[in-house]
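For reference, final-v8.cif is printed below; it contains mmCIF, C-alpha atoms.
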```
data_structure
#
loop_
_atom_site.label_atom_id
_atom_site.label_comp_id
_atom_site.auth_asym_id
_atom_site.auth_seq_id
_atom_site.Cartn_x
_atom_site.Cartn_y
_atom_site.Cartn_z
CA MET G 120 5.38 -17.68 21.43
CA THR G 121 7.32 -15.56 23.83
CA ALA G 122 4.91 -12.69 23.74
CA PRO G 123 2.78 -12.64 26.88
CA ALA G 124 5.55 -11.87 29.32
CA THR G 125 6.95 -8.98 27.35
CA THR G 126 3.64 -7.66 26.16
CA SER G 127 2.16 -6.23 29.30
CA PRO G 128 4.52 -3.29 29.83
CA GLU G 129 4.35 -2.40 26.15
CA ALA G 130 0.64 -2.75 25.82
CA ALA G 131 -0.40 -0.42 28.59
CA PRO G 132 -0.17 2.85 26.75
CA GLU G 133 -3.01 4.52 28.63
CA THR G 134 -1.11 4.43 31.88
CA ALA G 135 2.27 5.27 30.45
CA PRO G 136 2.48 8.97 29.50
CA THR G 137 3.47 10.47 32.84
CA THR G 138 6.16 7.96 33.51
CA ALA G 139 7.73 7.66 30.08
CA PRO G 140 11.36 8.00 31.04
CA GLU G 141 13.86 7.24 28.31
CA THR G 142 12.45 8.75 25.15
CA ALA G 143 15.10 8.61 22.48
CA ALA G 144 15.05 12.34 21.77
CA ALA G 145 14.09 14.01 25.05
CA PRO G 146 11.54 13.49 27.77
CA LYS G 147 9.31 16.27 26.43
CA ALA G 148 9.43 15.20 22.82
CA LEU G 149 6.22 15.49 20.87
CA TYR G 150 4.94 13.27 18.14
CA VAL G 151 3.67 15.54 15.36
CA TYR G 152 0.74 14.45 13.19
CA GLY G 153 0.09 17.45 11.06
CA ILE G 154 -0.41 21.18 10.79
CA ALA G 155 -3.76 22.87 10.19
CA PRO G 156 -5.21 26.36 10.43
CA ALA G 157 -5.88 27.45 14.03
CA GLY G 158 -9.37 27.07 15.42
CA ILE G 159 -10.12 23.44 14.66
CA ARG G 160 -11.44 20.83 17.03
CA THR G 161 -9.00 18.55 18.83
CA PRO G 162 -9.04 15.06 17.32
CA ARG G 163 -10.64 12.51 19.56
CA ALA G 164 -8.92 9.49 18.10
CA PRO G 165 -6.12 8.18 20.27
CA GLY G 166 -2.68 8.91 18.91
CA VAL G 167 0.44 6.84 18.48
CA ASP G 168 0.95 4.50 21.43
CA GLY G 169 -2.52 5.41 22.68
CA ALA G 170 -1.47 8.91 23.77
CA ALA G 171 -4.04 11.70 23.85
CA VAL G 172 -3.78 14.13 20.95
CA ARG G 173 -3.77 17.85 21.60
CA LEU G 174 -3.35 20.99 19.56
CA LEU G 175 -0.56 23.54 19.92
CA THR G 176 -1.61 26.86 18.48
CA GLY G 177 0.52 29.74 17.30
CA SER G 178 0.77 32.20 14.43
CA GLY G 179 -2.68 31.32 13.13
CA LEU G 180 -1.73 27.68 12.78
CA CYS G 181 -1.98 24.68 14.98
CA ALA G 182 -0.09 21.41 15.17
CA ALA G 183 -1.68 18.19 16.32
CA VAL G 184 0.71 16.49 18.71
CA SER G 185 0.87 13.90 21.42
CA ALA G 186 3.50 12.79 23.90
CA ALA G 187 6.15 10.87 22.01
CA PRO G 188 6.17 7.18 22.83
CA ARG G 189 9.15 5.70 24.60
CA ARG G 190 9.99 3.72 21.55
CA LEU G 191 8.63 4.36 18.15
CA ARG G 192 8.22 1.44 15.84
CA PRO G 193 6.25 0.96 12.66
CA ARG G 194 3.60 -1.05 14.41
CA ARG G 195 0.33 -1.64 12.72
CA ARG G 196 -1.76 0.07 15.33
CA ASP G 197 0.55 3.07 15.46
CA LEU G 198 0.51 3.52 11.71
CA LEU G 199 -3.26 3.32 11.85
CA ALA G 200 -3.40 5.79 14.75
CA HIS G 201 -1.32 8.26 12.75
CA GLN G 202 -3.72 7.87 9.88
CA ALA G 203 -6.83 8.13 12.07
CA VAL G 204 -5.75 11.40 13.67
CA LEU G 205 -5.00 12.89 10.27
CA ASP G 206 -8.32 11.68 8.90
CA GLU G 207 -10.06 13.53 11.68
CA LEU G 208 -8.10 16.69 10.97
CA ALA G 209 -8.67 16.42 7.25
CA ALA G 210 -12.42 16.07 7.78
CA GLN G 211 -12.38 19.59 9.22
CA GLY G 212 -10.45 21.33 6.51
CA PRO G 213 -6.99 21.56 4.99
CA VAL G 214 -4.17 19.83 6.81
CA LEU G 215 -0.50 19.30 6.11
CA PRO G 216 0.16 15.71 7.14
CA MET G 217 3.50 14.77 8.59
CA ARG G 218 5.19 11.60 7.63
CA PHE G 219 4.97 8.82 10.19
CA ALA G 220 7.45 9.16 13.06
CA VAL G 221 8.22 12.87 13.00
CA LEU G 222 9.03 14.22 16.46
CA SER G 223 9.61 17.71 17.69
CA PRO G 224 12.12 17.72 20.53
CA ARG G 225 10.21 20.34 22.51
CA THR G 226 7.06 22.42 22.54
CA ASP G 227 8.88 25.71 22.01
CA THR G 228 10.80 24.32 19.03
CA LEU G 229 7.52 23.45 17.43
CA LEU G 230 5.93 26.81 18.10
CA ALA G 231 9.05 28.59 16.83
CA GLN G 232 8.83 26.58 13.66
CA LEU G 233 5.17 27.50 13.18
CA ARG G 234 6.12 31.15 13.65
CA SER G 235 9.12 31.25 11.37
CA ASP G 236 7.48 29.22 8.66
CA ALA G 237 3.92 30.54 8.99
CA ALA G 238 3.67 32.14 5.57
CA HIS G 239 4.91 29.11 3.74
CA LEU G 240 2.78 26.69 5.71
CA SER G 241 -0.32 28.81 5.16
CA ARG G 242 0.38 28.91 1.47
CA GLN G 243 0.59 25.14 1.41
CA LEU G 244 -2.64 24.83 3.35
CA ASP G 245 -4.30 26.99 0.72
CA GLY G 246 -2.89 24.68 -1.91
CA VAL G 247 -4.79 21.68 -0.58
CA ARG G 248 -7.87 23.51 0.69
CA GLY G 249 -11.05 21.88 -0.53
CA CYS G 250 -9.11 18.96 -1.99
CA VAL G 251 -8.59 15.33 -1.11
CA GLU G 252 -5.97 12.85 -2.14
CA LEU G 253 -7.17 9.81 -4.02
CA ASN G 254 -4.69 7.03 -4.55
CA VAL G 255 -5.16 4.70 -7.48
CA LYS G 256 -3.37 1.41 -7.63
CA GLY G 257 -3.30 -1.00 -10.52
CA THR G 258 -2.25 -4.62 -10.48
CA ALA G 259 -1.29 -6.61 -13.53
CA VAL G 260 -3.91 -9.18 -14.51
CA PRO G 261 -3.21 -11.96 -17.01
CA GLY G 262 -6.78 -11.96 -18.33
CA HIS G 263 -5.77 -11.44 -21.93
CA PHE G 264 -2.84 -13.79 -21.81
CA ALA G 265 -4.14 -16.22 -24.41
CA ASP G 266 -4.77 -13.38 -26.84
CA LEU G 267 -1.31 -12.12 -26.17
CA VAL G 268 0.27 -15.42 -27.15
CA ARG G 269 -1.81 -15.66 -30.30
CA ARG G 270 -1.21 -12.10 -31.35
CA ASP G 271 2.48 -11.83 -30.66
CA ASP G 272 4.47 -13.77 -33.24
CA ARG G 273 7.50 -14.08 -31.04
CA LEU G 274 5.51 -15.53 -28.18
CA ARG G 275 3.61 -17.81 -30.47
CA THR G 276 6.76 -19.14 -32.05
CA LEU G 277 8.33 -19.63 -28.67
CA ALA G 278 5.21 -21.44 -27.46
CA LEU G 279 5.16 -23.78 -30.42
CA ARG G 280 8.85 -24.50 -30.16
CA THR G 281 8.50 -25.23 -26.46
CA ARG G 282 5.68 -27.59 -27.21
CA ARG G 283 7.74 -29.54 -29.68
CA ARG G 284 10.71 -29.71 -27.33
CA PRO G 285 9.33 -29.42 -23.86
CA ASP G 286 11.86 -29.15 -21.13
CA TYR G 287 12.21 -27.20 -17.93
CA GLU G 288 14.44 -24.48 -19.32
CA ALA G 289 12.22 -23.91 -22.29
CA ASN G 290 9.15 -23.67 -20.12
CA VAL G 291 10.78 -21.15 -17.84
CA ARG G 292 11.84 -19.07 -20.82
CA LEU G 293 8.37 -19.22 -22.32
CA GLY G 294 6.68 -18.36 -19.06
CA GLU G 295 9.04 -15.49 -18.48
CA ALA G 296 8.34 -14.10 -21.92
CA ILE G 297 4.61 -14.32 -21.31
CA ALA G 298 4.90 -12.71 -17.89
CA LEU G 299 6.87 -9.92 -19.49
CA GLY G 300 4.16 -9.44 -22.11
CA VAL G 301 1.45 -9.40 -19.47
CA ARG G 302 3.36 -6.75 -17.55
CA ARG G 303 4.00 -4.68 -20.60
CA GLU G 304 0.30 -4.65 -21.43
CA ALA G 305 -0.55 -3.77 -17.85
CA ARG G 306 1.91 -0.90 -17.86
CA ARG G 307 0.48 0.39 -21.09
CA ALA G 308 -2.99 0.27 -19.60
CA ALA G 309 -1.67 2.04 -16.51
CA ARG G 310 -0.34 4.89 -18.63
CA GLU G 311 -3.74 5.24 -20.26
CA VAL G 312 -5.38 5.36 -16.86
CA VAL G 313 -3.14 8.19 -15.72
CA ASP G 314 -3.71 10.07 -18.97
CA ARG G 315 -7.45 9.86 -18.47
CA LEU G 316 -7.48 10.71 -14.80
CA ALA G 317 -4.89 13.48 -14.64
CA PRO G 318 -7.16 16.07 -16.32
CA LEU G 319 -9.75 15.50 -13.58
CA ALA G 320 -7.21 16.29 -10.85
CA GLU G 321 -5.47 19.45 -9.74
CA ARG G 322 -2.16 17.63 -9.41
CA THR G 323 -0.83 14.14 -9.93
CA VAL G 324 2.05 12.31 -8.30
CA GLN G 325 3.23 8.90 -9.38
CA GLY G 326 4.54 6.46 -6.85
CA THR G 327 6.79 3.47 -6.92
CA THR G 328 5.70 0.49 -8.94
CA ASP G 329 6.92 -3.05 -9.35
CA ASP G 330 6.29 -6.00 -11.60
CA GLU G 331 2.89 -6.73 -10.14
CA GLN G 332 1.70 -3.36 -8.99
CA VAL G 333 2.27 -1.41 -12.16
CA LEU G 334 0.32 1.66 -11.14
CA SER G 335 0.39 3.66 -7.95
CA ALA G 336 -0.56 7.26 -8.47
CA SER G 337 -2.01 9.90 -6.19
CA PHE G 338 -4.36 12.56 -7.45
CA LEU G 339 -5.23 15.81 -5.75
CA VAL G 340 -8.93 16.10 -6.47
CA ARG G 341 -11.36 18.85 -5.51
CA SER G 342 -13.84 17.35 -3.08
CA GLU G 343 -16.76 18.11 -5.35
CA ASP G 344 -15.06 16.25 -8.20
CA GLU G 345 -14.53 13.06 -6.25
CA GLY G 346 -17.62 11.35 -7.65
CA ARG G 347 -16.67 12.20 -11.20
CA PHE G 348 -13.17 10.97 -10.60
CA ARG G 349 -14.39 7.65 -9.22
CA GLU G 350 -16.66 7.19 -12.20
CA ALA G 351 -13.72 7.75 -14.49
CA VAL G 352 -11.73 5.12 -12.63
CA ALA G 353 -14.63 2.68 -12.88
CA GLU G 354 -14.90 3.36 -16.59
CA ARG G 355 -11.19 2.65 -17.03
CA ALA G 356 -11.48 -0.46 -14.88
CA ARG G 357 -14.12 -1.82 -17.23
CA ALA G 358 -12.10 -0.89 -20.27
CA CYS G 359 -8.86 -2.51 -19.18
CA GLY G 360 -10.04 -5.04 -16.61
CA ASP G 361 -8.41 -7.93 -18.43
CA ARG G 362 -4.99 -6.29 -18.11
CA LEU G 363 -5.18 -4.19 -15.00
CA ALA G 364 -7.14 -4.44 -11.76
CA LEU G 365 -7.72 -0.96 -10.37
CA SER G 366 -8.53 0.19 -6.89
CA VAL G 367 -9.08 3.63 -5.43
CA THR G 368 -8.20 4.58 -1.88
CA GLY G 369 -9.41 7.76 -0.33
CA PRO G 370 -10.32 10.42 0.40
CA LEU G 371 -7.01 10.74 2.20
CA PRO G 372 -5.14 13.60 3.83
CA CYS G 373 -2.97 15.11 1.12
CA TYR G 374 0.24 13.24 1.95
CA SER G 375 1.54 13.45 -1.59
CA PHE G 376 0.85 17.12 -2.12
CA VAL G 377 2.82 18.86 0.57
CA ASP G 378 6.42 19.97 0.25
CA PRO G 379 8.32 17.27 2.03
CA ARG G 380 10.67 19.81 3.61
CA PRO G 381 9.30 23.31 3.72
CA ALA G 382 11.20 26.46 4.56
CA SER G 383 14.48 25.24 5.93
CA PRO G 384 17.34 24.94 3.46
CA ALA G 385 17.59 21.47 2.03
CA GLY G 386 19.14 19.39 4.73
CA ARG G 387 20.49 15.91 4.95
CA MET P 99 -13.49 -12.86 -23.39
CA ILE P 100 -13.85 -12.59 -19.69
CA THR P 101 -16.27 -10.20 -18.19
CA TYR P 102 -15.99 -8.57 -14.87
CA ASP P 103 -18.52 -7.13 -12.54
CA ASP P 104 -17.95 -3.45 -12.22
CA GLU P 105 -17.95 -3.47 -8.50
CA VAL P 106 -15.41 -6.21 -8.55
CA VAL P 107 -12.92 -4.55 -10.81
CA CYS P 108 -13.06 -1.23 -9.10
CA ALA P 109 -14.14 -1.54 -5.53
CA PRO P 110 -13.51 1.71 -3.71
CA ARG P 111 -11.87 1.00 -0.42
CA ALA P 112 -11.47 3.01 2.67
CA GLY P 113 -7.76 3.19 3.23
CA THR P 114 -6.68 -0.01 4.80
CA LEU P 115 -3.17 0.00 6.09
CA TYR P 116 -1.50 -1.59 3.13
CA ASP P 117 -3.21 0.88 0.82
CA VAL P 118 -1.79 3.87 2.56
CA LEU P 119 1.46 2.49 3.90
CA GLU P 120 3.61 4.01 1.21
CA LEU P 121 1.97 7.38 1.68
CA ILE P 122 2.35 7.38 5.43
CA LEU P 123 5.97 6.35 5.28
CA ASP P 124 7.26 8.13 2.19
CA ARG P 125 5.09 11.14 1.61
CA GLY P 126 3.95 13.80 3.97
CA MET P 127 5.98 16.52 5.53
CA VAL P 128 9.24 16.26 7.39
CA ILE P 129 10.54 19.42 8.99
CA ASP P 130 14.25 19.63 9.51
CA VAL P 131 14.17 21.08 12.99
CA PHE P 132 12.03 18.12 13.92
CA VAL P 133 13.43 14.68 14.21
CA ARG P 134 12.35 11.82 12.08
CA VAL P 135 12.91 8.81 14.20
CA SER P 136 14.74 6.14 12.34
CA LEU P 137 12.60 3.11 12.52
CA VAL P 138 14.02 -0.32 12.85
CA GLY P 139 12.72 -2.47 10.08
CA ILE P 140 11.11 0.26 8.09
CA GLU P 141 13.33 -0.15 5.07
CA ILE P 142 12.58 -3.83 4.99
CA LEU P 143 8.95 -3.03 5.34
CA LYS P 144 8.98 -0.71 2.36
CA VAL P 145 10.97 -2.98 0.16
CA ASP P 146 8.85 -5.90 1.17
CA ALA P 147 5.58 -4.23 0.43
CA ARG P 148 6.78 -3.92 -3.13
CA ILE P 149 8.43 -7.23 -3.49
CA VAL P 150 8.53 -8.47 -7.01
CA VAL P 151 6.33 -11.41 -7.70
CA ALA P 152 8.09 -12.62 -10.80
CA SER P 153 9.33 -16.07 -10.02
CA VAL P 154 10.06 -19.31 -11.70
CA ASP P 155 6.80 -20.68 -10.37
CA THR P 156 4.83 -17.95 -12.04
CA TYR P 157 6.71 -18.60 -15.25
CA LEU P 158 6.06 -22.30 -15.15
CA ARG P 159 2.43 -21.71 -14.47
CA PHE P 160 2.20 -19.44 -17.49
CA ALA P 161 4.04 -21.97 -19.62
CA GLU P 162 1.75 -24.74 -18.45
CA ALA P 163 -1.34 -22.74 -19.31
CA CYS P 164 0.20 -21.76 -22.60
CA ASN P 165 0.93 -25.35 -23.48
CA ARG P 166 -2.74 -26.10 -23.20
CA LEU P 167 -3.63 -23.38 -25.67
CA ASP P 168 -4.65 -24.40 -29.11
CA LEU P 169 -2.10 -22.57 -31.16
CA GLU P 170 -2.13 -24.69 -34.31
CA HIS P 171 -5.75 -24.05 -35.18
CA ASP P 172 -7.30 -20.92 -33.93
CA VAL P 173 -10.63 -22.59 -33.30
CA ARG P 174 -12.24 -20.42 -30.79
CA SER P 175 -10.77 -18.23 -28.18
CA LYS P 176 -10.45 -20.17 -25.05
CA THR P 177 -10.81 -18.07 -22.02
CA VAL P 178 -8.26 -17.76 -19.32
CA PRO P 179 -10.45 -19.63 -16.85
CA GLU P 180 -10.20 -22.68 -19.03
CA MET P 181 -6.51 -22.09 -19.49
CA PHE P 182 -5.82 -22.04 -15.85
CA GLY P 183 -8.21 -24.87 -15.40
CA SER P 184 -9.77 -23.84 -12.15
CA PRO P 185 -12.74 -21.90 -10.89
CA VAL P 186 -10.27 -19.36 -9.59
CA ALA P 187 -9.51 -18.03 -12.97
CA LYS P 188 -13.10 -17.21 -13.72
CA THR P 189 -12.58 -14.20 -11.61
CA VAL P 190 -9.07 -13.38 -12.53
CA GLY P 191 -9.70 -9.68 -12.20
CA ARG P 192 -11.22 -10.00 -8.81
CA ALA P 193 -8.78 -12.57 -7.63
CA GLY P 194 -5.95 -10.44 -8.90
CA ALA P 195 -7.08 -7.50 -6.89
CA ARG P 196 -7.74 -9.53 -3.79
CA ARG P 197 -4.50 -11.37 -4.04
CA THR P 198 -2.58 -8.20 -4.13
CA ALA P 199 -4.45 -7.09 -1.14
CA ARG P 200 -3.75 -10.29 0.63
CA SER P 201 -0.14 -10.62 -0.33
CA LEU P 202 0.62 -7.04 0.52
CA THR P 203 -1.23 -7.24 3.75
CA ASP P 204 0.62 -10.36 4.61
CA LYS P 205 3.94 -8.79 3.84
CA VAL P 206 3.11 -5.70 5.74
CA ARG P 207 1.90 -7.68 8.65
CA ASP P 208 4.86 -9.93 8.59
CA VAL P 209 7.18 -7.01 8.86
CA LEU P 210 5.01 -5.29 11.37
CA THR P 211 5.36 -8.49 13.28
CA PRO P 212 9.10 -8.52 13.40
CA GLU P 213 11.22 -11.54 14.00
CA PRO P 214 10.67 -12.92 17.46
CA GLU P 215 14.26 -12.41 18.52
CA HIS P 216 13.99 -8.70 17.83
CA GLU P 217 10.46 -7.82 18.82
CA PRO P 218 8.84 -10.48 20.91
CA ALA P 219 6.07 -8.14 22.04
CA GLU P 220 4.59 -7.87 18.61
CA GLU P 221 3.31 -11.37 18.27
CA THR P 222 0.27 -11.06 20.46
CA GLU P 223 -0.68 -7.67 19.29
CA GLU P 224 -0.74 -8.68 15.70
CA THR P 225 -2.77 -11.72 16.41
CA GLU P 226 -5.36 -9.64 18.14
CA THR P 227 -5.67 -6.80 15.73
CA ARG P 228 -5.28 -8.38 12.37
CA PRO P 229 -8.56 -9.33 10.77
CA ARG P 230 -7.34 -11.68 8.07
CA GLY P 231 -6.27 -15.23 8.40
CA ARG P 232 -2.64 -15.66 8.96
CA ALA P 233 -0.59 -16.79 6.04
CA GLU P 234 3.02 -17.45 5.48
CA ARG P 235 5.17 -15.56 3.10
CA PRO P 236 6.93 -18.15 1.08
CA ARG P 237 9.53 -16.15 -0.75
CA GLY P 238 9.91 -17.21 -4.29
CA ARG P 239 6.77 -19.30 -4.39
CA PRO P 240 3.91 -16.87 -4.58
CA ALA P 241 2.26 -18.34 -7.63
CA ALA P 242 2.01 -21.77 -6.18
CA ARG P 243 0.72 -20.45 -2.95
CA ARG P 244 -1.94 -18.35 -4.58
CA ARG P 245 -3.35 -21.16 -6.50
CA ASP P 246 -3.52 -23.28 -3.43
CA GLU P 247 -5.12 -20.52 -1.52
CA ASP P 248 -7.81 -19.95 -4.01
CA ASP P 249 -8.54 -23.55 -4.73
CA ARG P 250 -8.35 -24.83 -1.24
CA PRO P 251 -8.63 -22.04 1.25
CA ARG P 252 -8.72 -24.46 4.12
CA SER P 253 -5.21 -25.57 3.47
CA ARG P 254 -3.88 -22.26 4.72
CA PRO P 255 -3.73 -22.99 8.40
CA ARG P 256 -1.78 -26.10 7.70
CA ARG P 257 0.80 -24.30 5.62
CA ARG P 258 1.06 -21.63 8.18
CA THR P 259 2.07 -24.15 10.74
CA GLU P 260 4.68 -25.50 8.43
CA THR P 261 6.19 -22.10 7.96
CA GLU P 262 6.21 -21.28 11.59
CA ASP P 263 7.93 -24.50 12.31
CA GLU P 264 10.60 -23.83 9.78
#
```
Hey, can you dump this file as structure tokens for me?
Amino acid sequence: MTAPATTSPEAAPETAPTTAPETAAAPKALYVYGIAPAGIRTPRAPGVDGAAVRLLTGSGLCAAVSAAPRRLRPRRRDLLAHQAVLDELAAQGPVLPMRFAVLSPRTDTLLAQLRSDAAHLSRQLDGVRGCVELNVKGTAVPGHFADLVRRDDRLRTLALRTRRRPDYEANVRLGEAIALGVRREARRAAREVVDRLAPLAERTVQGTTDDEQVLSASFLVRSEDEGRFREAVAERARACGDRLALSVTGPLPCYSFVDPRPASPAGR
Amino acid sequence: MITYDDEVVCAPRAGTLYDVLELILDRGMVIDVFVRVSLVGIEILKVDARIVVASVDTYLRFAEACNRLDLEHDVRSKTVPEMFGSPVAKTVGRAGARRTARSLTDKVRDVLTPEPEHEPAEETEETETRPRGRAERPRGRPAARRRDEDDRPRSRPRRRTETEDE
């Protein structure tokens, strides 16, 4: 491992802020965590690259920021720091979380943005007030696979034919057909889950899925409904546990329920 | 029929990194007058976190289990545990959930620990902060790896070494 030699300069974030010279954007760039109503407590959690987090207030809003690191990378501890700061903000009330790695070139740019976009940002804060994001993921489980083969004539025929003439190709084809069936069942179960949960949420956003993770959906849930929502997930998990393994993450800052790009005309 | 403990099937988790990665990276606000730093490796990281597990090994494993099914006479429903012939399968639901966790975490970590030639500094940090055992990411062989992992957890360090040597 080549690490030790190169680690020390990188891993001394506490001492760095004053002497951070070559920030990509500008020396005074700020890392922005999120926007909340003015008057909240400054998060105590250390920010990205260990920098202290502070609040910039203007137009009845405040932005949680810290000095931008010299280099920003999707490091584990920085992703977690981003999340920790937002958790602390969210615990105090509504917050509009920024995506990871959003910088404002300068303090006055940020304050100008708060001013010019105040109405829209406040409206969005009202939209998530009293709510949390709960993220539900579902993974395909082959628990019913034997039933699937018995029930599905095509699979059954394929299985019997493969058994009579076993060879590599045939086995791959059979296995692929079964895997497909398992996924199809899991996806069906995932749709049922969303149908059951959506009525308990204010809003629902579906995320990207793949062959194994067939469900990834975020729900905007009123804080007081969180318990009920979790019970509903548990009930679904029991009902479809042989096809889909469910997990709930949250309460989270409402990442999925803010306009990605407010105010300014669609750029990029 | 397999039964699952409730807490196993649906264990609420505080957001670990892999659970929230997609949200942190893809959702949330971006304001145009601000700059979103383009992150080296982040596309790989996203793609990787969602890598498809379908592979020939998975298929062969399914076929193998299927070939042990009694399809001629529908005597009694064998359970998947018997099909897969290992104690692992008794807790398919749980294992499934944990595996995802593990495989995703591994992928995430692997990317967060970029290739030595690009990001040498990351190695130590990851070793310090990551709670789980280190595992390789054998592309294209997840099924085989999983079974090994579950049956013989102690074999992991050995395989890790192999991978690192590769």
* Asked: Skipping near chain neighbours, those fewer than 5 positions away, what residues fall within 10 Å of segment 295-297 of chain G using only C-alpha atoms, listed as a ChimeraX atom specification?
  -> /G:261,264-265,267-268,271,273-275,277-278,289-290,302-303 /P:152-161,164
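Shortest separation to Val172 of chain G among G:Leu339, G:Cys373, G:Leu149, G:Ala210 occurs at residue G:Leu149, atoms counted being all atoms listed in the file.
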* To do: Enter the distance from atom CA of Ala298 of chain G to atom CA of Ser366 of chain G, in Å, rounded to one decimal.
  => 21.6 Å
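You can rank G:Pro318, G:Gly246, G:Gly166, G:Pro224 by their closest distance to chain P using only C-alpha atoms, and at the top of that list sits G:Pro224.
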* Written as a count of residues only, what is the full residue list that the PyMOL selection byres ((chain P and resi 133) around 8) yields on the file shown? -> 10
* Expand the PyMOL selection byres ((chain G and resi 371) around 9) into the individual residues it matches in the shown file, reporting them as a list in words. => Gln202, Leu205, Asp206, Ala209, Val251, Glu252, Leu253, Asn254, Thr368, Gly369, Pro370, Pro372, Cys373 and Tyr374 of chain G; Ala112, Gly113 and Val118 of chain P
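Coordinates place atom CA of Gly257 of chain G at a distance of 15.1 Å from atom CA of Ala317 of chain G.
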Mind checking which residues fall within 7 Å of Ser178 of chain G, counting all atoms listed in the file, ignoring those fewer than 5 positions away in the same chain, and posting them as a compact mmCIF listing (two decimals) with C-alpha atoms, keeping the file's coordinate frame?
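Wrote it out as selection16.txt, contents follow:
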```txt
# COMPACT_ATOMS: atom_id res chain seq x y z
CA LEU G 233 5.17 27.50 13.18
CA ARG G 234 6.12 31.15 13.65
CA ALA G 237 3.92 30.54 8.99
```
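Note that the spacing between atom CA of Ala356 of chain G and atom CA of Asp272 of chain G amounts to 27.7 Å.
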* Excluding Gly126 of chain P and residues on its chain fewer than 2 positions from it, collect all residues at most 8 Å away from it, counting only C-alpha atoms, and give them as a VMD selection string. => (chain G and resid 215 to 218 373 to 379) or (chain P and resid 121 to 124 128)
* When distances are computed from all atoms listed in the file, which of G:Arg347, G:Arg242, G:Arg163, G:Arg362 shows the smallest separation from chain P? -> G:Arg362
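Comparing the minimum interatomic distances between chain P and each of G:Ala358, G:Leu299, G:Leu293, G:Ala187, counting only C-alpha atoms, we find that G:Leu293 sits nearest.
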* Counting all atoms listed in the file, what is within 10 Å of Phe348 of chain G, bar same-chain residues fewer than 6 positions away, as a PyMOL selection string? -> chain G and resi 253+315-320+338+340-342+354+367
